[in-house]
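Enquirer: The structure file query_10.cif (mmCIF, C-alpha atoms and all ligand atoms) is provided below.
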data_my_file
#
loop_
_atom_site.label_atom_id
_atom_site.label_comp_id
_atom_site.auth_asym_id
_atom_site.auth_seq_id
_atom_site.Cartn_x
_atom_site.Cartn_y
_atom_site.Cartn_z
CA MET A 29 -292.09 -145.08 19.26
CA GLU A 30 -290.68 -148.51 18.49
CA LYS A 31 -288.95 -148.91 15.12
CA GLU A 32 -291.02 -150.96 12.68
CA VAL A 33 -289.47 -154.37 12.04
CA SER A 34 -289.81 -155.95 8.60
CA ASP A 35 -291.25 -159.44 8.24
CA VAL A 36 -288.33 -160.90 6.27
CA ILE A 37 -285.90 -160.56 9.17
CA CYS A 38 -283.98 -163.49 10.58
CA PRO A 39 -282.09 -163.04 13.86
CA LEU A 40 -279.08 -165.08 12.73
CA PRO A 41 -277.16 -162.31 10.91
CA TRP A 42 -277.26 -160.45 14.24
CA VAL A 43 -276.56 -163.16 16.78
CA HIS A 44 -275.05 -166.19 15.07
CA LEU A 45 -271.51 -167.20 14.11
CA SER A 46 -271.32 -170.15 11.76
CA SER A 47 -268.48 -171.83 9.95
CA ASP A 48 -268.44 -174.71 7.49
CA LEU A 49 -266.14 -177.63 8.25
CA ASP A 50 -263.37 -176.15 6.09
CA GLY A 51 -263.48 -172.89 8.05
CA ALA A 52 -265.50 -170.95 5.43
CA MET A 53 -267.74 -168.49 7.22
CA ARG A 54 -271.41 -168.78 6.29
CA ILE A 55 -274.65 -167.12 7.26
CA CYS A 56 -275.91 -170.39 8.76
CA CYS A 57 -275.96 -174.08 7.85
CA ASN A 58 -279.38 -173.89 6.21
CA THR A 59 -278.66 -172.14 2.91
CA TYR A 60 -278.53 -173.50 -0.60
CA TYR A 61 -274.85 -174.20 -1.15
CA PRO A 62 -272.56 -172.42 -0.40
CA GLY A 63 -274.13 -169.52 1.59
CA THR A 64 -270.77 -168.12 2.54
CA ILE A 65 -269.90 -164.68 3.84
CA VAL A 66 -267.57 -162.87 1.46
CA ASP A 67 -265.28 -159.84 1.67
CA LYS A 68 -265.30 -156.79 -0.65
CA ASN A 69 -263.48 -158.79 -3.31
CA ASP A 70 -266.10 -161.53 -3.23
CA ARG A 71 -263.68 -163.91 -1.53
CA THR A 72 -265.06 -166.20 1.15
CA ILE A 73 -263.90 -165.21 4.62
CA SER A 74 -262.20 -168.00 6.55
CA ILE A 75 -262.56 -168.47 10.28
CA TYR A 76 -258.78 -168.78 10.44
CA GLU A 77 -258.31 -165.17 9.33
CA ILE A 78 -260.87 -163.39 11.54
CA GLU A 79 -259.01 -160.76 13.56
CA THR A 80 -261.87 -159.52 15.72
CA LEU A 81 -265.56 -160.35 15.87
CA GLU A 82 -266.44 -156.64 15.50
CA GLU A 83 -264.55 -156.52 12.23
CA TYR A 84 -266.18 -159.71 10.95
CA PHE A 85 -269.74 -158.72 11.81
CA ASN A 86 -269.42 -155.15 10.54
CA LYS A 87 -267.12 -155.22 7.55
CA SER A 88 -268.47 -158.03 5.51
CA SER A 89 -271.45 -158.96 3.40
CA LEU A 90 -273.25 -159.55 6.71
CA VAL A 91 -273.88 -155.81 6.86
CA GLU A 92 -275.59 -155.92 3.45
CA ILE A 93 -277.73 -158.88 4.50
CA ARG A 94 -278.91 -157.05 7.61
CA LYS A 95 -279.61 -153.86 5.65
CA LYS A 96 -281.73 -155.77 3.15
CA MET A 97 -283.67 -157.55 5.86
CA LEU A 98 -284.35 -154.25 7.63
CA ARG A 99 -285.66 -152.77 4.36
CA GLY A 100 -287.98 -155.75 3.89
CA VAL A 101 -285.96 -157.21 0.99
CA ARG A 102 -285.27 -160.93 1.00
CA PRO A 103 -281.48 -161.52 0.73
CA LYS A 104 -280.72 -164.12 -1.96
CA ILE A 105 -278.42 -166.03 0.37
CA CYS A 106 -281.47 -166.90 2.51
CA SER A 107 -283.67 -168.11 -0.40
CA LYS A 108 -283.98 -171.61 1.04
CA CYS A 109 -285.95 -170.36 4.03
CA TYR A 110 -288.15 -168.04 1.97
CA ASP A 111 -288.78 -170.77 -0.64
CA GLN A 112 -289.94 -173.14 2.09
CA GLU A 113 -292.17 -170.49 3.62
CA ASP A 114 -293.74 -169.83 0.20
CA LEU A 115 -294.65 -173.52 0.10
CA GLY A 116 -296.30 -173.21 3.51
CA ILE A 117 -293.47 -175.05 5.30
CA ILE A 118 -292.18 -173.78 8.65
CA SER A 119 -288.63 -172.60 7.88
CA VAL A 120 -285.55 -172.46 10.06
CA ARG A 121 -285.95 -168.67 9.99
CA ASN A 122 -289.48 -169.03 11.42
CA LYS A 123 -288.12 -171.20 14.22
CA PHE A 124 -285.31 -168.81 15.11
CA ASN A 125 -287.70 -165.86 15.08
CA GLU A 126 -289.90 -167.69 17.55
CA ILE A 127 -286.93 -168.08 19.88
CA TYR A 128 -285.21 -164.71 19.47
CA ASN A 129 -288.23 -162.41 19.27
CA LYS A 130 -288.49 -162.94 23.03
CA ASN A 131 -284.76 -162.34 23.55
CA GLU A 132 -284.10 -158.90 25.04
CA LYS A 133 -280.45 -158.68 23.97
CA TYR A 134 -281.36 -159.40 20.36
CA ARG A 135 -284.37 -157.06 20.38
CA LYS A 136 -282.15 -154.22 21.58
CA GLN A 137 -279.43 -155.07 19.08
CA LEU A 138 -281.98 -155.08 16.26
CA LEU A 139 -283.50 -151.73 17.20
CA ASP A 140 -280.05 -150.16 17.68
CA THR A 141 -278.76 -151.34 14.27
CA SER A 142 -277.32 -148.33 12.45
CA GLU A 143 -278.53 -147.13 9.04
CA ASP A 144 -275.38 -148.75 7.62
CA GLY A 145 -276.36 -152.11 9.06
CA GLU A 146 -273.64 -152.00 11.72
CA ILE A 147 -274.30 -153.53 15.12
CA GLU A 148 -272.83 -153.88 18.55
CA VAL A 149 -271.61 -157.46 18.42
CA LYS A 150 -273.26 -159.90 20.79
CA VAL A 151 -272.75 -163.46 19.61
CA GLN A 152 -275.38 -165.58 21.31
CA SER A 153 -275.16 -168.64 19.13
CA ILE A 154 -272.30 -170.51 17.44
CA ASP A 155 -272.10 -173.39 15.00
CA ILE A 156 -268.46 -174.38 14.82
CA SER A 157 -267.33 -177.96 14.23
CA LEU A 158 -264.27 -177.64 11.91
CA THR A 159 -263.67 -181.33 11.47
CA ASN A 160 -265.01 -184.01 9.15
CA VAL A 161 -263.85 -186.92 11.33
CA CYS A 162 -266.72 -189.39 11.22
CA ASN A 163 -267.10 -193.13 11.75
CA LEU A 164 -269.90 -193.63 9.19
CA MET A 165 -270.28 -193.72 5.40
CA CYS A 166 -273.84 -192.51 4.88
CA ILE A 167 -275.14 -192.90 1.33
CA MET A 168 -276.04 -189.21 0.97
CA CYS A 169 -272.75 -187.96 2.41
CA SER A 170 -269.29 -187.34 0.90
CA PRO A 171 -265.71 -186.93 2.15
CA ARG A 172 -266.57 -183.27 2.79
CA ALA A 173 -268.30 -184.38 5.98
CA SER A 174 -266.90 -187.85 6.58
CA THR A 175 -263.27 -188.97 6.62
CA SER A 176 -264.50 -192.59 6.40
CA LEU A 177 -265.85 -191.94 2.89
CA LYS A 178 -262.55 -190.77 1.38
CA LYS A 179 -261.34 -194.28 0.59
CA TYR A 180 -264.69 -195.28 -0.95
CA PHE A 181 -264.78 -192.18 -3.18
CA ASP A 182 -261.14 -192.57 -4.22
CA MET A 183 -261.57 -196.26 -5.02
CA ASN A 184 -264.70 -195.67 -7.09
CA LYS A 185 -263.25 -192.56 -8.74
CA ILE A 186 -266.16 -190.45 -7.52
CA GLU A 187 -265.37 -186.75 -7.61
CA TYR A 188 -265.30 -184.65 -4.46
CA ASP A 189 -263.79 -181.37 -3.36
CA LYS A 190 -260.28 -182.42 -2.27
CA ASN A 191 -259.37 -178.92 -1.21
CA PHE A 192 -262.37 -178.80 1.13
CA TYR A 193 -261.44 -182.24 2.47
CA GLN A 194 -257.91 -181.10 3.31
CA LYS A 195 -259.14 -177.96 5.06
CA ALA A 196 -261.78 -179.90 7.02
CA SER A 197 -258.99 -182.14 8.32
CA ASN A 198 -257.07 -179.06 9.53
CA LYS A 199 -255.13 -179.82 12.67
CA SER A 200 -255.39 -176.27 14.04
CA ALA A 201 -259.16 -176.55 14.58
CA ASN A 202 -258.59 -176.91 18.31
CA ASP A 203 -256.66 -173.61 18.66
CA ILE A 204 -259.09 -171.54 16.61
CA THR A 205 -262.14 -172.99 18.41
CA ILE A 206 -260.69 -172.17 21.81
CA LYS A 207 -259.53 -168.69 20.70
CA LEU A 208 -262.93 -167.81 19.28
CA ILE A 209 -264.88 -168.99 22.29
CA GLU A 210 -262.54 -167.11 24.61
CA ASN A 211 -263.28 -163.92 22.64
CA LEU A 212 -267.05 -164.29 22.71
CA GLY A 213 -267.50 -162.59 26.05
CA HIS A 214 -270.52 -163.44 28.13
CA ASP A 215 -273.31 -163.53 25.57
CA LEU A 216 -273.05 -167.09 24.34
CA GLY A 217 -276.27 -169.03 24.87
CA GLU A 218 -276.09 -171.83 22.31
CA TYR A 219 -273.23 -173.94 20.96
CA LEU A 220 -274.09 -176.25 18.05
CA THR A 221 -271.72 -179.02 17.01
CA THR A 222 -272.33 -181.12 13.95
CA GLY A 223 -269.75 -182.93 11.91
CA GLY A 224 -268.29 -185.19 11.12
CA GLU A 225 -269.43 -186.84 14.30
CA PRO A 226 -269.43 -184.42 17.27
CA PHE A 227 -268.73 -187.14 19.84
CA LEU A 228 -265.36 -187.64 18.08
CA ASN A 229 -264.57 -183.92 18.00
CA LYS A 230 -261.61 -183.27 20.31
CA ALA A 231 -261.67 -179.49 19.83
CA HIS A 232 -265.28 -179.48 20.98
CA LEU A 233 -264.45 -181.53 24.09
CA ASN A 234 -261.69 -179.05 24.98
CA ALA A 235 -264.01 -176.10 24.40
CA VAL A 236 -266.63 -177.69 26.66
CA LYS A 237 -264.03 -178.20 29.39
CA MET A 238 -263.04 -174.55 29.06
CA LEU A 239 -266.66 -173.35 29.31
CA VAL A 240 -267.16 -175.43 32.45
CA LYS A 241 -263.98 -174.05 34.01
CA SER A 242 -264.90 -170.44 33.23
CA GLY A 243 -268.40 -170.89 34.74
CA GLU A 244 -270.09 -169.82 31.46
CA SER A 245 -271.52 -173.30 30.92
CA LYS A 246 -274.54 -172.77 33.19
CA LYS A 247 -275.95 -170.25 30.70
CA ILE A 248 -275.28 -172.32 27.61
CA LYS A 249 -277.32 -174.87 25.68
CA LEU A 250 -275.21 -177.43 23.85
CA THR A 251 -276.75 -178.82 20.69
CA TYR A 252 -275.46 -181.89 18.86
CA ASN A 253 -276.26 -183.50 15.55
CA THR A 254 -274.98 -187.00 16.28
CA ASN A 255 -275.40 -190.44 14.74
CA LEU A 256 -275.35 -191.85 18.31
CA THR A 257 -273.49 -194.96 17.21
CA ILE A 258 -270.66 -194.02 19.54
CA TRP A 259 -270.47 -192.51 22.99
CA SER A 260 -268.06 -190.14 24.71
CA GLU A 261 -268.15 -190.58 28.46
CA ASP A 262 -265.66 -187.68 28.87
CA LEU A 263 -268.12 -185.38 27.14
CA ALA A 264 -271.30 -186.76 28.71
CA ALA A 265 -269.80 -186.34 32.18
CA LEU A 266 -269.67 -182.57 31.60
CA TRP A 267 -273.22 -182.12 30.29
CA GLU A 268 -274.79 -181.58 33.68
CA GLU A 269 -272.71 -178.41 34.01
CA PHE A 270 -274.69 -176.87 31.13
CA LYS A 271 -278.09 -175.20 31.10
CA LEU A 272 -279.42 -177.73 28.60
CA VAL A 273 -278.10 -180.33 26.20
CA GLU A 274 -280.18 -180.82 23.06
CA ILE A 275 -279.37 -183.99 21.19
CA HIS A 276 -280.51 -184.36 17.60
CA ILE A 277 -280.10 -188.02 16.76
CA SER A 278 -279.68 -188.66 13.05
CA ILE A 279 -281.76 -191.72 12.27
CA ASP A 280 -283.06 -192.33 8.77
CA GLY A 281 -284.94 -195.57 9.14
CA TYR A 282 -285.90 -198.29 11.54
CA GLY A 283 -283.29 -201.02 12.16
CA LYS A 284 -281.68 -202.50 9.04
CA LEU A 285 -282.79 -199.63 6.82
CA ASN A 286 -280.88 -197.19 9.00
CA GLU A 287 -277.85 -199.48 8.78
CA TYR A 288 -278.17 -199.46 4.98
CA ILE A 289 -278.47 -195.69 4.61
CA ARG A 290 -276.02 -194.85 7.40
CA TYR A 291 -273.48 -197.47 6.37
CA GLY A 292 -271.23 -198.55 9.21
CA SER A 293 -273.87 -197.96 11.86
CA LYS A 294 -275.18 -200.76 14.04
CA TRP A 295 -278.77 -200.49 15.24
CA ASN A 296 -277.89 -202.17 18.53
CA SER A 297 -275.22 -199.57 19.26
CA ILE A 298 -277.81 -196.83 18.82
CA LEU A 299 -280.21 -198.62 21.19
CA ARG A 300 -277.39 -199.10 23.72
CA ASN A 301 -276.45 -195.42 23.60
CA LEU A 302 -280.09 -194.37 23.83
CA GLU A 303 -280.17 -196.28 27.14
CA LYS A 304 -277.30 -194.07 28.35
CA LEU A 305 -279.42 -190.97 27.79
CA LYS A 306 -282.13 -192.26 30.12
CA GLY A 307 -282.63 -190.45 33.41
CA ARG A 308 -280.36 -187.49 32.64
CA LYS A 309 -282.00 -184.31 33.84
CA ASN A 310 -281.04 -181.54 31.44
CA LEU A 311 -281.44 -183.38 28.15
CA SER A 312 -283.81 -182.65 25.31
CA ILE A 313 -283.91 -185.23 22.53
CA GLN A 314 -285.07 -185.03 18.92
CA ILE A 315 -284.84 -187.42 16.00
CA HIS A 316 -283.55 -185.87 12.79
CA CYS A 317 -284.29 -187.85 9.67
CA ALA A 318 -282.70 -187.19 6.27
CA VAL A 319 -285.68 -187.86 4.01
CA GLN A 320 -284.79 -189.42 0.67
CA ILE A 321 -286.02 -191.90 -1.94
CA LEU A 322 -284.72 -194.80 0.16
CA ASN A 323 -286.77 -194.07 3.28
CA ILE A 324 -289.84 -192.08 2.22
CA PHE A 325 -291.93 -195.28 1.90
CA ASN A 326 -290.88 -196.40 5.38
CA ILE A 327 -291.46 -193.21 7.36
CA ASP A 328 -294.39 -194.97 9.07
CA ASP A 329 -292.05 -197.70 10.44
CA LEU A 330 -289.71 -195.05 11.83
CA HIS A 331 -292.63 -193.14 13.30
CA ARG A 332 -293.99 -196.31 14.93
CA TRP A 333 -290.63 -197.05 16.53
CA ILE A 334 -290.21 -193.48 17.82
CA SER A 335 -293.73 -193.56 19.27
CA SER A 336 -292.91 -196.81 21.09
CA ILE A 337 -289.97 -195.27 23.01
CA ASN A 338 -291.23 -194.92 26.55
CA GLU A 339 -288.58 -194.01 29.06
CA ILE A 340 -287.05 -191.20 27.02
CA GLU A 341 -289.10 -188.29 25.83
CA ILE A 342 -288.57 -187.64 22.12
CA LYS A 343 -289.50 -183.98 21.81
CA ASN A 344 -289.78 -183.89 18.05
CA ILE A 345 -289.08 -185.49 14.71
CA TYR A 346 -287.36 -183.13 12.34
CA PHE A 347 -287.04 -183.78 8.60
CA ASN A 348 -284.07 -182.66 6.53
CA TYR A 349 -284.68 -183.08 2.82
CA VAL A 350 -281.84 -184.66 0.89
CA THR A 351 -281.15 -182.62 -2.26
CA GLU A 352 -277.58 -183.80 -2.85
CA PRO A 353 -276.98 -186.18 -4.49
CA GLY A 354 -279.98 -185.29 -6.65
CA TRP A 355 -280.89 -188.92 -7.38
CA LEU A 356 -281.94 -189.38 -3.75
CA ASP A 357 -284.20 -186.31 -3.74
CA ILE A 358 -287.84 -187.36 -3.15
CA ARG A 359 -289.00 -184.68 -5.57
CA ALA A 360 -287.47 -186.83 -8.32
CA LEU A 361 -290.09 -189.53 -7.75
CA PRO A 362 -292.82 -190.03 -10.34
CA TRP A 363 -296.25 -188.77 -9.22
CA SER A 364 -297.67 -192.24 -8.68
CA TYR A 365 -294.91 -192.95 -6.11
CA LYS A 366 -295.34 -189.59 -4.45
CA LYS A 367 -299.01 -190.48 -3.96
CA LEU A 368 -298.04 -193.79 -2.41
CA ALA A 369 -295.72 -192.07 0.08
CA TRP A 370 -298.39 -189.44 0.69
CA ALA A 371 -300.87 -192.18 1.65
CA ARG A 372 -298.40 -193.59 4.22
CA ILE A 373 -298.00 -190.20 5.85
CA LEU A 374 -301.77 -189.66 5.88
CA LYS A 375 -302.07 -192.91 7.82
CA ILE A 376 -299.71 -191.48 10.46
CA LEU A 377 -301.78 -188.31 10.61
CA GLU A 378 -304.95 -190.33 11.22
CA ASN A 379 -303.51 -191.18 14.61
CA LYS A 380 -304.79 -188.42 16.86
CA ASP A 381 -302.08 -189.18 19.45
CA CYS A 382 -299.31 -188.38 17.00
CA ARG A 383 -297.35 -185.46 18.46
CA PHE A 384 -295.52 -184.70 15.25
CA HIS A 385 -298.37 -183.53 13.01
CA PRO A 386 -296.86 -180.19 11.82
CA ASN A 387 -293.66 -181.84 10.63
CA MET A 388 -295.55 -184.63 8.87
CA ARG A 389 -297.66 -182.03 7.10
CA ASP A 390 -294.51 -180.16 6.03
CA LEU A 391 -293.16 -183.41 4.64
CA MET A 392 -296.31 -183.86 2.56
CA LEU A 393 -296.02 -180.33 1.21
CA TYR A 394 -292.40 -180.90 0.25
CA LEU A 395 -293.23 -184.18 -1.43
CA LYS A 396 -295.90 -182.46 -3.49
CA GLU A 397 -293.40 -180.02 -4.91
CA LYS A 398 -292.84 -180.56 -8.59
CA ASN A 399 -289.26 -180.39 -9.61
CA THR A 400 -289.19 -180.64 -13.37
CA LEU A 401 -285.40 -180.74 -13.43
CA LEU A 402 -285.30 -183.82 -11.30
CA GLU A 403 -288.55 -185.63 -12.01
CA ALA A 404 -287.59 -189.20 -12.73
CA ASP A 405 -287.74 -190.39 -16.30
CA GLU A 406 -286.57 -193.75 -17.58
CA THR A 407 -282.94 -192.64 -17.95
CA LYS A 408 -282.76 -191.28 -14.45
CA ARG A 409 -284.31 -194.43 -13.01
CA VAL A 410 -281.55 -196.45 -14.63
CA VAL A 411 -278.96 -194.09 -13.12
CA ILE A 412 -280.51 -194.48 -9.67
CA LYS A 413 -280.51 -198.25 -9.98
CA LYS A 414 -276.90 -198.36 -11.15
CA LYS A 415 -275.76 -196.15 -8.29
CA LEU A 416 -277.60 -198.27 -5.75
CA LEU A 417 -276.18 -201.48 -7.17
CA ARG A 418 -272.64 -200.11 -6.99
CA TYR A 419 -273.19 -198.95 -3.40
CA GLN A 420 -274.61 -202.36 -2.44
CA GLU A 421 -271.84 -204.32 -4.14
CA HIS A 422 -269.07 -202.25 -2.66
CA ASN A 423 -270.46 -202.43 0.85
CA GLN A 424 -271.67 -206.02 0.48
CA LEU A 425 -275.19 -205.04 1.40
CA GLU A 426 -278.35 -206.94 0.68
CA ASP A 427 -280.66 -205.55 -2.00
CA ILE A 428 -282.50 -202.49 -0.69
CA CYS A 429 -285.60 -203.71 -2.56
CA GLU A 430 -285.95 -206.47 0.06
CA MET A 431 -286.45 -203.77 2.70
CA VAL A 432 -288.27 -201.27 0.49
CA PRO A 433 -290.29 -203.29 -2.08
CA GLU A 434 -291.65 -200.08 -3.66
CA LEU A 435 -288.20 -199.45 -5.11
CA LYS A 436 -288.37 -202.76 -6.99
CA TYR A 437 -291.34 -201.49 -8.99
CA LEU A 438 -289.82 -198.04 -9.37
CA PHE A 439 -286.85 -199.36 -11.32
S1 LIG B 501 -283.14 -166.73 6.89
FE1 LIG B 501 -282.71 -168.93 6.87
S2 LIG B 501 -280.89 -169.10 5.59
FE2 LIG B 501 -281.02 -166.97 6.25
S3 LIG B 501 -279.81 -166.85 8.09
FE3 LIG B 501 -281.89 -167.22 8.70
S4 LIG B 501 -282.04 -169.43 8.94
FE4 LIG B 501 -280.22 -169.01 7.73
#
Would you kindly transcribe this structure into structure tokens?
Ligand code: SF4

Expert:
Amino acid sequence: MEKEVSDVICPLPWVHLSSDLDGAMRICCNTYYPGTIVDKNDRTISIYEIETLEEYFNKSSLVEIRKKMLRGVRPKICSKCYDQEDLGIISVRNKFNEIYNKNEKYRKQLLDTSEDGEIEVKVQSIDISLTNVCNLMCIMCSPRASTSLKKYFDMNKIEYDKNFYQKASNKSANDITIKLIENLGHDLGEYLTTGGEPFLNKAHLNAVKMLVKSGESKKIKLTYNTNLTIWSEDLAALWEEFKLVEIHISIDGYGKLNEYIRYGSKWNSILRNLEKLKGRKNLSIQIHCAVQILNIFNIDDLHRWISSINEIEIKNIYFNYVTEPGWLDIRALPWSYKKLAWARILKILENKDCRFHPNMRDLMLYLKEKNTLLEADETKRVVIKKKLLRYQEHNQLEDICEMVPELKYLF
């Protein structure tokens, strides 16, 4: 008889290897911060000290996470997914279950998991980027994920984790990436690269070359979270050797608004690089939008533009919700503004041809969430305005209220 499988399980603690940009091992990239995997002494395990994958997967807090999931207990580290599900939102866990519940290797691994939570290691998915080199200075980002922001933060005396920054600029990222991928065996099916900007990631390019040379590439899906403001012909030339290349383009607004939020980006460069994606056979393209106070009132413009793209199929729009810095979190909006944004999204949903209904509905549910800690009062509104003014002055940007008039009334 088949072992009963609990409904809190996520496949990632079985199949996925994920590291933050500083090398800190984590359960996945979707947790509330930090979500790291620790050793017996509660010390975060670094990718640079992993001896063998067997040891990592079986002698760490990963074992405890798997044991809990098998017993039907929600591990705290995964609260973000469970919290979203409780709100009725489709979580990352839900999405991975949809994929892996049909995966024979994972099914077997799950059923063969020992009472102690130990498994036979079969890493099918990796998320390793290990560099914060990026060409942009997005408003919601920090030097943790963008080298370009270091100068801005230093100049404005804005605090950031300098230790993390140093580690994310580690020059040995190339060696460890290659070593790890060499040791994965033949199970790898998905390789996610984020950033920083993945098209600037030299270690990734070398790893891709190695996977092509070894012949493993034909079984692997490459996934990128890219700002698409730059292009790597060396990388793109190798994509057809892979099973699939899934490109998540980070775009937070239409035209000038995107340039404002993703400072340093040029809308025309994105359009030019979109052209280069046309006609490629094994590509799947999504738009990933970081939803925040600055773009929630203009989601309809973005949606209109995406719907007007003809020669490239946009498979989906995916929303990430900005929670850091807190002043950009849409849950901090007063109710009257939430209702205004809600009405805009309802308009999109009225369009029966809209292919992105489930994600729009999730956005509405998230917007509805009351966050008493963040809910904007007068003092917070002043803080938001001051921060925006400083950002605009420093980057010599026009007033955001010209593009998003709702903000004018909010402050
Ligand atoms: S349940 Fe969510 S947070 Fe936990 S590993 Fe899965 S995707 Fe990541």

Enquirer: Would you pick out the contacts of Leu138 in chain A at 12 Å or less, using all atoms listed in the file, so that residues sharing its chain but fewer than 6 positions from it are not included, and give the list as a VMD selection string?

Expert: chain A and resid 30 to 34 37 to 43 94 to 95 97 to 98 128 to 129 131 to 132 145 to 150

Enquirer: Can you write just those residues out, C-alpha atoms, as a PDB file, in the frame of the given file?

Expert:
ATOM      1  CA  GLU A  30    -290.680-148.510  18.490  1.00  0.00           C
ATOM      2  CA  LYS A  31    -288.950-148.910  15.120  1.00  0.00           C
ATOM      3  CA  GLU A  32    -291.020-150.960  12.680  1.00  0.00           C
ATOM      4  CA  VAL A  33    -289.470-154.370  12.040  1.00  0.00           C
ATOM      5  CA  SER A  34    -289.810-155.950   8.600  1.00  0.00           C
ATOM      6  CA  ILE A  37    -285.900-160.560   9.170  1.00  0.00           C
ATOM      7  CA  CYS A  38    -283.980-163.490  10.580  1.00  0.00           C
ATOM      8  CA  PRO A  39    -282.090-163.040  13.860  1.00  0.00           C
ATOM      9  CA  LEU A  40    -279.080-165.080  12.730  1.00  0.00           C
ATOM     10  CA  PRO A  41    -277.160-162.310  10.910  1.00  0.00           C
ATOM     11  CA  TRP A  42    -277.260-160.450  14.240  1.00  0.00           C
ATOM     12  CA  VAL A  43    -276.560-163.160  16.780  1.00  0.00           C
ATOM     13  CA  ARG A  94    -278.910-157.050   7.610  1.00  0.00           C
ATOM     14  CA  LYS A  95    -279.610-153.860   5.650  1.00  0.00           C
ATOM     15  CA  MET A  97    -283.670-157.550   5.860  1.00  0.00           C
ATOM     16  CA  LEU A  98    -284.350-154.250   7.630  1.00  0.00           C
ATOM     17  CA  TYR A 128    -285.210-164.710  19.470  1.00  0.00           C
ATOM     18  CA  ASN A 129    -288.230-162.410  19.270  1.00  0.00           C
ATOM     19  CA  ASN A 131    -284.760-162.340  23.550  1.00  0.00           C
ATOM     20  CA  GLU A 132    -284.100-158.900  25.040  1.00  0.00           C
ATOM     21  CA  GLY A 145    -276.360-152.110   9.060  1.00  0.00           C
ATOM     22  CA  GLU A 146    -273.640-152.000  11.720  1.00  0.00           C
ATOM     23  CA  ILE A 147    -274.300-153.530  15.120  1.00  0.00           C
ATOM     24  CA  GLU A 148    -272.830-153.880  18.550  1.00  0.00           C
ATOM     25  CA  VAL A 149    -271.610-157.460  18.420  1.00  0.00           C
ATOM     26  CA  LYS A 150    -273.260-159.900  20.790  1.00  0.00           C
TER      27      LYS A 150
END

Enquirer: What gap, in Å, lies between CA of Glu77 in chain A and CA of Lys230 in chain A?

Expert: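 For CA of Glu77 in chain A relative to CA of Lys230 in chain A, the distance reads 21.4 Å.
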
Enquirer: Please find the residues contacting ligand LIG 501 (chain B) at a distance of at most 6 Å between atoms, with all atoms listed in the file counted, and report them as a PyMOL selection string.

Expert: chain A and resi 38+40-41+55-56+58-59+106+109+120-121

Enquirer: So the first atom is CA of Glu225 in chain A and the second is CA of Trp295 in chain A; what is the distance between them in Å, to one decimal place?

Expert: 16.6 Å

Enquirer: Between A:His214, A:Lys343, A:His422, A:Lys241, which residue has the minimum interatomic distance to Ile277 in chain A, considering only C-alpha atoms?

Expert: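 Answer, going by the shortest atom-to-atom distance: A:Lys343.
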
Enquirer: When you count all atoms listed in the file, which of these residues is closest to Tyr193 in chain A: A:Glu244, A:Asp262, A:Asp48, A:Glu79?

Expert: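 Answer, going by the shortest atom-to-atom distance: A:Asp48.
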
Enquirer: I'd like the interatomic distance between CA of Arg172 in chain A and CA of Leu158 in chain A, to a tenth of an Å.

Expert: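 Taking CA of Arg172 in chain A as the start and CA of Leu158 in chain A as the end point, the length is 11.0 Å.
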
Enquirer: Just checking: using only C-alpha atoms, which residue out of A:Asn255, A:Ser74, A:Gln424, A:Asn69 ends up closest to Asp50 in chain A?

Expert: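 So, comparing all the options, the nearest one is A:Ser74.
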
Enquirer: Which residue out of A:Thr80, A:Ser170, A:Ala371, A:Asn184 has the minimum interatomic distance to Glu210 in chain A when only C-alpha atoms are used?

Expert: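 Checking each of A:Thr80, A:Ser170, A:Ala371, A:Asn184 against Glu210 in chain A, counting only C-alpha atoms, the winner is A:Thr80.
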
Enquirer: Of the candidates A:Lys367, A:Lys309, A:Arg54, A:Arg359, which shows the shortest atom-to-atom distance to Ile340 in chain A, using all atoms listed in the file?

Expert: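 Result for the nearest residue to Ile340 in chain A: A:Lys309.
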
Enquirer: Excluding Ile428 in chain A and its own-chain neighbours fewer than 2 positions away, which residues fall within 10 Å of it when counting all atoms listed in the file? Please give them as a ChimeraX atom specification.

Expert: /A:284-285,288-289,322,416-417,420,425-426,430-436
